[in-house]
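Student: The structure is given below, and queries will be raised subsequently.
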Amino acid sequence: MGVFLQYTVIGLTVGSFYALVALGYTIVYGIIRLINFAQGDLSMVGAFLGWTLLVSFGFEHLPIYIALVIAFVIPMIGTAVINIGILQFAYKPLLRRSLLAILITALGMSLLLQNASELIWGPAIQAYPPNLLPLSGFFIGPVHVTYVQIALVIASLLLMCGLVAFVQGTTMGTAMRALAVDHDAARLMGINVDAVIRVAFVLGAMLAAASGVMLGIYYVQIQFTMGFLLGLRAFTAAVLGGIGNIPGAMAGGLLIGLLEAYTTGYLSGTWEDVVVFGVLITVLIVKPTGLFGERVAERM
Amino acid sequence: MALLEVRDLHVFYGNIEALKGISLDAQPKQVVAILGGNGAGKTTTLRTISGLLRPRSGSITCDGKSIVGVPAHVIVGLGLSQVPEGRRIFNILNVEENLSLGGYLMRSHRQLIKERKAAVYELFPRLAERRGQLAGTLSGGEQQMLAIGRALMSDPKVLMLDEPSLGLAPMLARSVLKTVRRIADRGAAVLLVEQNARQALAIADYAYVIEVGRIALEGEAAALASDERVQKAYLGGFESVGSA
Ligand SMILES: Nc1ncnc2c1ncn2[C@@H]1O[C@H](COP(=O)(O)OP(=O)(O)O)[C@@H](O)[C@H]1O
Ligand SMILES: [Mg+2]
């Protein structure tokens, strides 16, 4: 039982990162039926931007709170700008064309980010400052919980709450939900559809960047290839929760995190991807709307 | 000069010319009916005025200013609002949220939004009772009220309605059209697209009959209602006005 709970703590921590990336997939898909496959790589870019600030620029030596704010906020802004660039130059000209063209372009954007990152930061593994947050923790019964885990999970939850508050509580957020239903009707309300789509891309990128920095802090090691598997796992999480469904993406992320932790713990790390993608394929075949069903009208 | 002036509008879907020179006027406090059979070009006319479609040629002016080429979301802010065919309410949002989106352009003016919502609820008390309910769960009549209320949130100078009585029981249809008349009496110019010619002419001041993209006939509503050709084509008969 103690072992099981220990895996659960790990799974929830990692799952909260997946949830953040999955939210990016789901918000964008909900609005324009586009799977932004660059989502995982945006997370990787965020991780490297954070690393550059902390290590290359030496901000790790600043007081911890200031260092953390810089290491999160600037990468979030940076990747948002990148994602807007991708939207404007790669996706926008194709939005009225075939879904296949957009899908292939999205894969291309993923590769572009990977290769550009390799060019900028090199192919080697880089390391986040290992002692940025206290490494210690405490025991709850037999379960060891680190302060890093608690801090990262709380940060993820705060970001998710912020997103929900925005989407549910503001008129702009209401407009985002309206776009999931009917673009032309939204235009007739005076909603600038292109502007709302840009907001969705900004939000998706910011969540991805935050998760990337968190991954760096948690695992310490980062590499330009890390976005690929992360993206696929988060995509699985989004599909599992019902793509287009915001609470579904959060639940899906946590479930995939747990699944991964249990697999690694009870079987072995080599089975992790087999299980996760087995889930993806099973969901797609058995219940393509995901566990919680797609909230938005089907238009594909 | 009329508040809304449409002149010689030509609109294409690909190579197909859907509007072949439509001209019409609307004045404040007027209900202007646009009649015509299925596929005549009524919806295309409204969508073009709203900026969802771009005309190949022709002019549209509101208050003397051209609105051709202005994006749809900006046209709303110029005072032209549309209740689209099939209502197209946001079914996953509740009544209150649908109305909020109707006032999207004034979203920072909380007090104004509140007042306009109150005005809509006064016009349609049924909506007030259902303000927290998902729009998709409303009855057809309530959805139409919501679609109209949503369009009124921007306090339009020109209100366009595309077949608002479609699919409603006769009594409900009459009550919706009565409300449309009231909206015009309060000062808006109303463009009313209807297939239900008899009821539309009963509340309209002026009417146009569109056939295959052209104005086939126009005149005072009362005169058209008693016009033999209109009676034959739209008030019981089957022939078109052109062939009568
Ligand atoms: N999206 C479209 N693509 C191609 N043709 C269209 C489209 N919408 C309407 N049409 C055609 O344009 C003509 C006018 O249609 P419409 O304006 O919807 O007529 P109405 O509203 O009077 O029934 C019809 O012949 C219709 O088939
Ligand atoms: Mg029509």
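Following the order of the structure tokens, chains are lettered A, B, ..., residues in each are numbered from 1, and ligands are numbered from 1.
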Using only C-alpha atoms and all ligand atoms, find each residue with an atom at most 12 Å away from ligand 1 and format the answer as a PyMOL selection string.
Tutor: chain B and resi 10-20+22+34-48+52-53+84-86+161-163+166+192-195+209-215
Student: Any chance you could export the current selection's C-alpha atoms as an mmCIF file, in the first residue's frame?
Tutor:
```
data_model
loop_
_atom_site.group_PDB
_atom_site.id
_atom_site.type_symbol
_atom_site.label_atom_id
_atom_site.label_comp_id
_atom_site.auth_asym_id
_atom_site.auth_seq_id
_atom_site.Cartn_x
_atom_site.Cartn_y
_atom_site.Cartn_z
ATOM 1 C CA HIS B 10 -23.967 41.236 -56.970
ATOM 2 C CA VAL B 11 -22.815 38.260 -54.896
ATOM 3 C CA PHE B 12 -21.224 35.036 -56.097
ATOM 4 C CA TYR B 13 -20.669 31.603 -54.600
ATOM 5 C CA GLY B 14 -17.739 30.492 -56.705
ATOM 6 C CA ASN B 15 -18.991 30.959 -60.252
ATOM 7 C CA ILE B 16 -22.632 30.967 -59.323
ATOM 8 C CA GLU B 17 -24.231 34.376 -59.124
ATOM 9 C CA ALA B 18 -26.639 34.270 -56.167
ATOM 10 C CA LEU B 19 -27.528 37.979 -56.153
ATOM 11 C CA LYS B 20 -27.926 39.655 -59.533
ATOM 12 C CA ILE B 22 -30.345 43.727 -55.381
ATOM 13 C CA ILE B 34 -38.009 40.624 -47.859
ATOM 14 C CA LEU B 35 -40.103 37.840 -49.331
ATOM 15 C CA GLY B 36 -39.305 35.063 -51.736
ATOM 16 C CA GLY B 37 -39.181 31.308 -52.126
ATOM 17 C CA ASN B 38 -36.440 28.934 -51.121
ATOM 18 C CA GLY B 39 -33.090 29.736 -52.701
ATOM 19 C CA ALA B 40 -34.200 33.189 -53.899
ATOM 20 C CA GLY B 41 -31.250 34.905 -52.222
ATOM 21 C CA LYS B 42 -32.773 36.322 -49.029
ATOM 22 C CA THR B 43 -30.194 34.848 -46.658
ATOM 23 C CA THR B 44 -27.382 35.777 -49.016
ATOM 24 C CA THR B 45 -28.622 39.376 -48.961
ATOM 25 C CA LEU B 46 -28.554 39.574 -45.165
ATOM 26 C CA ARG B 47 -25.210 37.796 -44.878
ATOM 27 C CA THR B 48 -23.707 40.250 -47.340
ATOM 28 C CA LEU B 52 -20.092 37.602 -43.721
ATOM 29 C CA LEU B 53 -20.020 37.600 -47.523
ATOM 30 C CA PRO B 84 -29.419 34.513 -38.378
ATOM 31 C CA GLU B 85 -31.458 31.843 -40.089
ATOM 32 C CA GLY B 86 -31.903 28.846 -37.829
ATOM 33 C CA LEU B 161 -34.056 38.898 -38.967
ATOM 34 C CA ASP B 162 -33.805 35.815 -41.161
ATOM 35 C CA GLU B 163 -37.026 33.808 -41.003
ATOM 36 C CA LEU B 166 -39.638 29.372 -39.082
ATOM 37 C CA LEU B 192 -37.496 41.040 -41.989
ATOM 38 C CA VAL B 193 -36.865 38.016 -44.190
ATOM 39 C CA GLU B 194 -39.863 35.711 -44.236
ATOM 40 C CA GLN B 195 -41.403 32.928 -46.234
ATOM 41 C CA VAL B 209 -40.055 40.209 -53.358
ATOM 42 C CA ILE B 210 -36.831 38.482 -54.435
ATOM 43 C CA GLU B 211 -36.728 35.859 -57.149
ATOM 44 C CA VAL B 212 -33.541 34.114 -58.253
ATOM 45 C CA GLY B 213 -31.354 36.925 -57.041
ATOM 46 C CA ARG B 214 -33.370 39.844 -58.371
ATOM 47 C CA ILE B 215 -36.020 42.130 -56.940
#
```
Student: Residues of segment 41-201 of chain B classed as alpha helix (DSSP H) by DSSP on the backbone are to be reported as number ranges by chain.
Tutor: B: 42-49, 72-77, 95-102, 110-123, 125-129, 140-152, 170-185, 197-201
Student: Give me, as a PyMOL selection string, the residues of chain B touching chain A, with the criterion being at most 9 Å (counting only C-alpha atoms).
Tutor: chain B and resi 50-52+71-77+81-84+87-93+97-98+100-105+107+150-151+154
Student: Once you have the residues from the selection above, write them out as a PDB file, in the first residue's frame, restricted to C-alpha atoms.
Tutor:
```
ATOM      1  CA  SER B  50     -23.634  41.789 -42.230  1.00  0.00           C
ATOM      2  CA  GLY B  51     -20.215  41.409 -43.806  1.00  0.00           C
ATOM      3  CA  LEU B  52     -20.092  37.602 -43.721  1.00  0.00           C
ATOM      4  CA  PRO B  71     -15.281  42.869 -41.301  1.00  0.00           C
ATOM      5  CA  ALA B  72     -18.443  41.364 -39.859  1.00  0.00           C
ATOM      6  CA  HIS B  73     -17.416  41.935 -36.248  1.00  0.00           C
ATOM      7  CA  VAL B  74     -16.866  45.621 -36.937  1.00  0.00           C
ATOM      8  CA  ILE B  75     -20.196  46.041 -38.730  1.00  0.00           C
ATOM      9  CA  VAL B  76     -21.988  45.048 -35.527  1.00  0.00           C
ATOM     10  CA  GLY B  77     -20.339  48.003 -33.845  1.00  0.00           C
ATOM     11  CA  SER B  81     -27.210  43.386 -36.025  1.00  0.00           C
ATOM     12  CA  GLN B  82     -28.560  40.116 -37.396  1.00  0.00           C
ATOM     13  CA  VAL B  83     -30.690  37.268 -36.096  1.00  0.00           C
ATOM     14  CA  PRO B  84     -29.419  34.513 -38.378  1.00  0.00           C
ATOM     15  CA  ARG B  87     -31.300  31.055 -34.725  1.00  0.00           C
ATOM     16  CA  ARG B  88     -27.740  29.753 -34.225  1.00  0.00           C
ATOM     17  CA  ILE B  89     -27.706  30.429 -30.519  1.00  0.00           C
ATOM     18  CA  PHE B  90     -24.723  29.113 -28.559  1.00  0.00           C
ATOM     19  CA  ASN B  91     -26.312  25.952 -27.240  1.00  0.00           C
ATOM     20  CA  ILE B  92     -23.541  25.038 -24.761  1.00  0.00           C
ATOM     21  CA  LEU B  93     -23.785  28.456 -23.090  1.00  0.00           C
ATOM     22  CA  GLU B  97     -23.933  34.113 -21.414  1.00  0.00           C
ATOM     23  CA  ASN B  98     -25.604  34.234 -24.832  1.00  0.00           C
ATOM     24  CA  SER B 100     -23.413  38.732 -22.737  1.00  0.00           C
ATOM     25  CA  LEU B 101     -21.938  37.813 -26.098  1.00  0.00           C
ATOM     26  CA  GLY B 102     -24.605  39.872 -27.818  1.00  0.00           C
ATOM     27  CA  GLY B 103     -23.107  42.822 -25.939  1.00  0.00           C
ATOM     28  CA  TYR B 104     -19.526  41.693 -26.582  1.00  0.00           C
ATOM     29  CA  LEU B 105     -18.393  45.027 -27.984  1.00  0.00           C
ATOM     30  CA  ARG B 107     -18.192  44.185 -22.502  1.00  0.00           C
ATOM     31  CA  ARG B 150     -28.973  38.546 -28.212  1.00  0.00           C
ATOM     32  CA  ALA B 151     -29.103  40.692 -31.364  1.00  0.00           C
ATOM     33  CA  SER B 154     -25.865  45.771 -29.246  1.00  0.00           C
TER      34      SER B 154
END
```
Student: Taking the chain letters and numbering used in this document, name the residues of segment 36-126 of chain B that DSSP puts in strand (DSSP E), as a count of residues only.
Tutor: 12
Student: So that I can see what lies close to segment 112-123 of chain B, please list as a list in words the residues with an atom at most 6 Å from it, counting only C-alpha atoms and leaving out residues fewer than 5 positions away in the same chain.
Tutor: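 Non-adjacent residues within range: Ala128, Gly149 and Met153 of chain B.
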Student: Give me a file of those residues, with N, CA, C and O atoms, as an mmCIF file, in the first residue's frame.
Tutor:
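Result written to result.cif:
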```cif
data_model
loop_
_atom_site.group_PDB
_atom_site.id
_atom_site.type_symbol
_atom_site.label_atom_id
_atom_site.label_comp_id
_atom_site.auth_asym_id
_atom_site.auth_seq_id
_atom_site.Cartn_x
_atom_site.Cartn_y
_atom_site.Cartn_z
ATOM 1 N N ALA B 128 -36.039 35.557 -18.758
ATOM 2 C CA ALA B 128 -35.611 35.905 -17.401
ATOM 3 C C ALA B 128 -35.745 34.694 -16.488
ATOM 4 O O ALA B 128 -34.866 34.422 -15.664
ATOM 5 N N GLY B 149 -33.146 38.549 -28.635
ATOM 6 C CA GLY B 149 -32.626 39.298 -27.491
ATOM 7 C C GLY B 149 -31.125 39.512 -27.608
ATOM 8 O O GLY B 149 -30.609 40.602 -27.347
ATOM 9 N N MET B 153 -28.894 43.200 -27.880
ATOM 10 C CA MET B 153 -27.931 43.633 -26.865
ATOM 11 C C MET B 153 -26.982 44.713 -27.387
ATOM 12 O O MET B 153 -26.465 45.510 -26.621
#
```
Student: Leaving out segment 82-99 of chain A and any residue of its chain fewer than 4 positions from it, which residues lie within 8 Å of it when counting only C-alpha atoms, given as JSON, numbers by chain?
Tutor: {"A": [34, 42, 78, 103, 105, 106, 109, 198, 201, 202, 205]}
Student: For N, CA and C atoms, I'd like the residues from the last selection saved as a PDB file, in the first residue's frame.
Tutor:
```
ATOM      1  N   LEU A  34      -7.923  22.048 -34.707  1.00  0.00           N
ATOM      2  CA  LEU A  34      -6.551  21.842 -35.148  1.00  0.00           C
ATOM      3  C   LEU A  34      -5.790  21.185 -34.005  1.00  0.00           C
ATOM      4  N   LEU A  42       6.740  23.236 -27.717  1.00  0.00           N
ATOM      5  CA  LEU A  42       6.683  24.549 -27.069  1.00  0.00           C
ATOM      6  C   LEU A  42       7.103  24.407 -25.606  1.00  0.00           C
ATOM      7  N   GLY A  78       7.809  34.258 -24.128  1.00  0.00           N
ATOM      8  CA  GLY A  78       8.584  33.895 -25.309  1.00  0.00           C
ATOM      9  C   GLY A  78       7.888  32.845 -26.165  1.00  0.00           C
ATOM     10  N   LEU A 103      -2.680  19.230 -40.564  1.00  0.00           N
ATOM     11  CA  LEU A 103      -2.085  18.210 -39.700  1.00  0.00           C
ATOM     12  C   LEU A 103      -0.605  18.028 -40.020  1.00  0.00           C
ATOM     13  N   THR A 105       1.290  20.174 -41.550  1.00  0.00           N
ATOM     14  CA  THR A 105       1.981  21.404 -41.181  1.00  0.00           C
ATOM     15  C   THR A 105       2.284  21.428 -39.685  1.00  0.00           C
ATOM     16  N   ALA A 106       1.336  20.946 -38.890  1.00  0.00           N
ATOM     17  CA  ALA A 106       1.539  20.928 -37.439  1.00  0.00           C
ATOM     18  C   ALA A 106       2.712  20.028 -37.081  1.00  0.00           C
ATOM     19  N   MET A 109       5.800  21.879 -37.894  1.00  0.00           N
ATOM     20  CA  MET A 109       6.135  22.899 -36.897  1.00  0.00           C
ATOM     21  C   MET A 109       6.838  22.262 -35.695  1.00  0.00           C
ATOM     22  N   ARG A 198      -6.076  33.870 -31.477  1.00  0.00           N
ATOM     23  CA  ARG A 198      -4.733  34.231 -30.995  1.00  0.00           C
ATOM     24  C   ARG A 198      -4.640  34.087 -29.480  1.00  0.00           C
ATOM     25  N   PHE A 201      -4.065  30.534 -28.656  1.00  0.00           N
ATOM     26  CA  PHE A 201      -2.680  30.114 -28.909  1.00  0.00           C
ATOM     27  C   PHE A 201      -1.737  30.644 -27.827  1.00  0.00           C
ATOM     28  N   VAL A 202      -2.002  31.857 -27.379  1.00  0.00           N
ATOM     29  CA  VAL A 202      -1.176  32.421 -26.301  1.00  0.00           C
ATOM     30  C   VAL A 202      -1.338  31.584 -25.033  1.00  0.00           C
ATOM     31  N   ALA A 205       0.372  28.149 -25.341  1.00  0.00           N
ATOM     32  CA  ALA A 205       1.829  28.231 -25.270  1.00  0.00           C
ATOM     33  C   ALA A 205       2.294  28.523 -23.846  1.00  0.00           C
TER      34      ALA A 205
END
```
Student: Considering only C-alpha atoms, return as a count of residues only whatever protein or nucleic-acid residues lie within 12 Å of Ser110 of chain A, sequence-local ones (same chain, fewer than 4 positions apart) excluded.
Tutor: 32
Student: So that I can check the surroundings of Gly167 of chain B, please list as a compact mmCIF listing (two decimals) with all heavy atoms, in the first residue's frame every protein, DNA and RNA residue that reaches within 10 Å of it, counting only C-alpha atoms and ignoring chain neighbours fewer than 4 positions away.
Tutor:
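After the write, selection.txt holds the following:
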```txt
# COMPACT_ATOMS: atom_id res chain seq x y z
N GLY B 86 -32.15 30.01 -38.68
CA GLY B 86 -31.90 28.85 -37.83
C GLY B 86 -31.44 29.22 -36.42
O GLY B 86 -30.92 28.38 -35.71
N GLY B 140 -38.11 25.76 -28.98
CA GLY B 140 -37.85 26.50 -30.21
C GLY B 140 -38.21 27.97 -30.09
O GLY B 140 -37.46 28.85 -30.52
N GLY B 141 -39.37 28.23 -29.50
CA GLY B 141 -39.81 29.62 -29.35
C GLY B 141 -38.88 30.41 -28.45
O GLY B 141 -38.52 31.55 -28.74
N GLN B 144 -35.73 31.28 -30.20
CA GLN B 144 -35.89 32.42 -31.11
C GLN B 144 -35.89 33.73 -30.33
O GLN B 144 -35.29 34.71 -30.75
CB GLN B 144 -37.17 32.28 -31.91
CG GLN B 144 -37.28 33.29 -33.04
CD GLN B 144 -36.17 33.15 -34.05
OE1 GLN B 144 -36.01 32.11 -34.69
NE2 GLN B 144 -35.34 34.17 -34.19
N GLU B 163 -35.97 34.79 -41.26
CA GLU B 163 -37.03 33.81 -41.00
C GLU B 163 -37.21 33.50 -39.52
O GLU B 163 -37.09 32.35 -39.09
CB GLU B 163 -36.74 32.51 -41.77
CG GLU B 163 -36.51 32.78 -43.24
CD GLU B 163 -36.95 31.65 -44.15
OE1 GLU B 163 -37.86 30.90 -43.74
OE2 GLU B 163 -36.40 31.54 -45.25
N LEU B 172 -47.17 31.26 -31.75
CA LEU B 172 -45.85 31.73 -31.34
C LEU B 172 -45.25 32.60 -32.44
O LEU B 172 -44.66 33.64 -32.18
CB LEU B 172 -44.96 30.51 -31.09
CG LEU B 172 -43.94 30.63 -29.98
CD1 LEU B 172 -44.58 31.12 -28.69
CD2 LEU B 172 -43.27 29.28 -29.76
N ALA B 173 -45.45 32.17 -33.70
CA ALA B 173 -44.94 32.93 -34.84
C ALA B 173 -45.55 34.33 -34.84
O ALA B 173 -44.84 35.32 -35.02
CB ALA B 173 -45.27 32.20 -36.14
```
Student: From the list B:Ser66, B:Ile148, B:Lys157, B:Pro164, which residue is nearest ligand 2 when using only C-alpha atoms and all ligand atoms?
Tutor: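 Of the candidates, the smallest distance to ligand 2 is held by B:Pro164.
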Student: Considering only C-alpha atoms, can you say which of B:Val68, B:Ala184, B:Ala233, B:Ala202 comes closest to Leu217 of chain B?
Tutor: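 Among B:Val68, B:Ala184, B:Ala233, B:Ala202, it is B:Ala233 that comes nearest to Leu217 of chain B.
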